[in-house]
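First up is the structure itself, then whatever we jot down about it.
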Amino acid sequence: MNNPFVYGEVVPLTAFVDRETELDRLTRDLLAGQKVFLISPRRYGKSSLVRQALRATGRAGALTAEVTVSSYSSYVSFLEGYARALLAVETRLDKARTWLRDMLGTVRPEVRVEADEGGTAQLALSFPSARTDRDVSRLAQEVFALPGRIAEVRRRKMTIALDEFQGIASFNGGNVEHALRAAVQHQRDVGYVFSGSEPSLMERMLGRSRPFYKAGPVMRLQKIPADRFADFIEARFRSTRLKPAAGLGAAIVELAGNLPYDVQRLAHEVWDDAQGGKSVGVDDLHETLRRLLGEHEAIFEATWQRLTLAQRAALRAAVLEDGRELLSADVRARYRLGGASTVQASLTALAREDIVAREGARYAVVDSLFREWVARKTH
């Protein structure tokens with residue numbers, strides 16, 4: 001049988017757990033032409049939620065497009081990729097060429113036909129004439145206006161996902177935000193979800209002095225309820241005729257810090273290791289954990305060695321104290337952490353390196369496997 005747990009990619013509907021309320025709200029908002037801001041820490045399942053929402057809007061008749069902003073190395077390359085994604089909603093190459101001529105003729109795109117990885121012909125386009133800041137600004141206005149024009153030409157709603165949207169800030173400062181906001185606010189038949197996995201950056205983009213202030217509803221993704229996740233895990237085991245011991249789902253969720261990515265990863269590995277048997281229990285879970293820690297030893301050791309002594313001490317305290325009250329005199333004395341300012345500087349550096357993340361009043365280690373390695377292998 002196929003492993004019922006999926007991680008490291010956008011999960012299919014069968015592996016999608018909970019999020020019914022969030023999915024329904026996001027789908028309805030997109031179809032209503034809202035501009036939604038989805039804020040979520042890494043590994044919470046943000047991209048999977050967005051993909052399911054786009055599929056739902058597609059089933060409702062909307063045209064859909066999806067772009068990961070942070071994957072582009074420059075503003076122009078992002079505009080090229082965004083334009084390609086938008087034009088891809090028209091699968092007929094001759095029609096897409098007509099769109100290019102009618103909608104982007106003023107910025108003189110260079111168009112060619114290429115084969116994708118599956119051998120299917122598709123249009124590739126670039127904007128070699130965009131050399132100066134003025135050229136790029138004019139190009140951005142044309143590209144950002146495309147969704148509204150496409151929705152009007154096709155007489156259909158359109159829903160667009162710009163994932164890792166905080167990456168837009170690296171393109172020509174705040175000018176990009178102004179240009180995009182100016183375009184999308186007039187597109188009543190186009191719904192947008194601007195999603196990001198760096199909450200602090202996303203929150204700043206929505207501040208009073210920024211272009212997207214009060215531009216649309218804000219969704220802040222929370223963790224899946226632990227009991228719901230545990231039930232899902234055990235049900236998935238049973239669906240493959242592998243009987244889980246009582247409490248196995250809860251143990252996996254707790255050990256993985258209730259992070260959707262980590263929960264699915266640990267469950268996936270436990271399922272793999274249990275093949276050939278009829279049942280699986282907590283002892284099997286810990287055996288899988290020992291194997292995974294051994295396989296990741298070199299990576300975790302290298303990460304640990306890159307840290308300063310103060311950062312190592314702060315990280316170990318965060319692991320052993322569940323990330324709580326790390327600036328208190330008691331915790332600092334117990335782990336020999338030094339002054340509160342030193343601890344705060346170390347935690348800020350660890351957060352910048354995506355090793356820890358702020359969750360309310362606590363600092364959580366982002367990778368649950370690394371957390372377990374620190375707890376067991378460091379002193």
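Residues in the structure tokens are named by chain (A, B, ... in the order shown) and by number from 1 within that chain; ligands are numbered from 1 in the order shown.
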
Give me every strand (DSSP E) residue in segment 129-277 of chain A, going by DSSP on the backbone, as a short mmCIF file (atom, residue, chain, number, x, y, z; two decimals) with C-alpha atoms, in the first residue's frame.
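Okay, this is what ended up in selection.cif:
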data_model
loop_
_atom_site.label_atom_id
_atom_site.label_comp_id
_atom_site.auth_asym_id
_atom_site.auth_seq_id
_atom_site.Cartn_x
_atom_site.Cartn_y
_atom_site.Cartn_z
CA MET A 158 -10.13 34.81 -11.23
CA THR A 159 -8.34 33.76 -8.04
CA ILE A 160 -4.62 34.31 -7.54
CA ALA A 161 -2.20 33.11 -4.87
CA LEU A 162 1.03 34.99 -4.28
CA ASP A 163 2.86 32.73 -1.83
CA VAL A 190 -10.24 38.92 -8.96
CA GLY A 191 -9.61 37.41 -5.54
CA TYR A 192 -6.10 37.37 -4.14
CA VAL A 193 -4.47 35.51 -1.28
CA PHE A 194 -1.17 37.05 -0.23
CA SER A 195 0.36 34.39 1.99
CA GLY A 196 3.58 34.50 3.96
CA VAL A 218 -6.32 38.93 7.51
CA MET A 219 -6.21 35.22 8.38
CA ARG A 220 -3.67 34.04 10.95
CA LYS A 243 -3.53 -1.22 13.93
CA PRO A 244 -2.21 1.69 16.03
#

Neighbour list for segment 278-293 of chain A as a ChimeraX atom specification, cut-off 8 Å, only C-alpha atoms, skip fewer than 5 positions in-chain: /A:241-248,251-252,266,269-270,273,369,372-373

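For Glu177 of chain A, the residues within 9 Å (counting only C-alpha atoms, excluding itself and residues fewer than 3 positions away along the chain) are Ile168, Ala169, Gly173, Gly174, Leu180, Arg181, Ala182, Met205, Arg210, Pro211 and Phe212 of chain A.
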
Given the selection you just returned, output its residues as a file containing N, CA and C atoms, formatted as a PDB file, in the first residue's frame.
ATOM      1  N   ILE A 168       8.230  40.184  -1.618  1.00  0.00           N
ATOM      2  CA  ILE A 168       8.018  41.334  -2.496  1.00  0.00           C
ATOM      3  C   ILE A 168       8.792  42.546  -2.004  1.00  0.00           C
ATOM      4  N   ALA A 169       9.052  42.587  -0.687  1.00  0.00           N
ATOM      5  CA  ALA A 169       9.735  43.740  -0.102  1.00  0.00           C
ATOM      6  C   ALA A 169      11.176  43.867  -0.580  1.00  0.00           C
ATOM      7  N   GLY A 173      12.154  48.018  -2.910  1.00  0.00           N
ATOM      8  CA  GLY A 173      11.551  48.668  -1.759  1.00  0.00           C
ATOM      9  C   GLY A 173      10.040  48.700  -1.789  1.00  0.00           C
ATOM     10  N   GLY A 174       9.470  49.788  -1.274  1.00  0.00           N
ATOM     11  CA  GLY A 174       8.019  49.902  -1.164  1.00  0.00           C
ATOM     12  C   GLY A 174       7.316  50.223  -2.460  1.00  0.00           C
ATOM     13  N   LEU A 180       1.332  47.353  -6.803  1.00  0.00           N
ATOM     14  CA  LEU A 180       0.425  46.211  -6.742  1.00  0.00           C
ATOM     15  C   LEU A 180      -0.896  46.604  -6.089  1.00  0.00           C
ATOM     16  N   ARG A 181      -0.825  47.357  -5.010  1.00  0.00           N
ATOM     17  CA  ARG A 181      -2.053  47.790  -4.336  1.00  0.00           C
ATOM     18  C   ARG A 181      -2.898  48.662  -5.280  1.00  0.00           C
ATOM     19  N   ALA A 182      -2.236  49.551  -6.018  1.00  0.00           N
ATOM     20  CA  ALA A 182      -2.965  50.425  -6.933  1.00  0.00           C
ATOM     21  C   ALA A 182      -3.719  49.627  -7.983  1.00  0.00           C
ATOM     22  N   MET A 205       4.100  44.589   6.848  1.00  0.00           N
ATOM     23  CA  MET A 205       3.555  44.996   5.550  1.00  0.00           C
ATOM     24  C   MET A 205       2.116  45.475   5.659  1.00  0.00           C
ATOM     25  N   ARG A 210       1.905  51.456   5.538  1.00  0.00           N
ATOM     26  CA  ARG A 210       2.216  50.684   4.338  1.00  0.00           C
ATOM     27  C   ARG A 210       1.015  50.638   3.388  1.00  0.00           C
ATOM     28  N   PRO A 211       1.272  50.418   2.089  1.00  0.00           N
ATOM     29  CA  PRO A 211       0.186  50.452   1.088  1.00  0.00           C
ATOM     30  C   PRO A 211      -0.938  49.463   1.340  1.00  0.00           C
ATOM     31  N   PHE A 212      -0.633  48.296   1.939  1.00  0.00           N
ATOM     32  CA  PHE A 212      -1.663  47.272   2.101  1.00  0.00           C
ATOM     33  C   PHE A 212      -2.421  47.385   3.431  1.00  0.00           C
TER      34      PHE A 212
END

Selected residue, from A:Ala345, A:Ala302, A:Ala179, A:Val50, that lies nearest to Asp24 of chain A when counting only C-alpha atoms: A:Val50

Close residues, Ala256 of chain A itself excluded, 6 Å, only C-alpha atoms, min 6 positions apart in chain, as a list in words: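 Within the cut-off, the hits are Asp262, Val263 and Ser368 of chain A.
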
Deliver the residues from the most recent selection as a file, using C-alpha atoms, as a PDB file, in the first residue's frame.
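Dumped to part25.pdb:
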ATOM      1  CA  ASP A 262       6.656  17.439  11.430  1.00  0.00           C
ATOM      2  CA  VAL A 263       3.615  15.365  12.411  1.00  0.00           C
ATOM      3  CA  SER A 368      11.185  18.969  16.199  1.00  0.00           C
TER       4      SER A 368
END

Sel. of helix (DSSP H, G or I) residues, segment 227-377 of chain A, as an MDAnalysis selection string: chainID A and resid 227:239 248:255 260:273 282:295 297:306 309:320 329:334 340:352 368:377

Contact residues around Val331 of chain A with only C-alpha atoms at 8 Å, ignoring same-chain residues under 6 positions, as number ranges by chain: A: 317, 325, 337
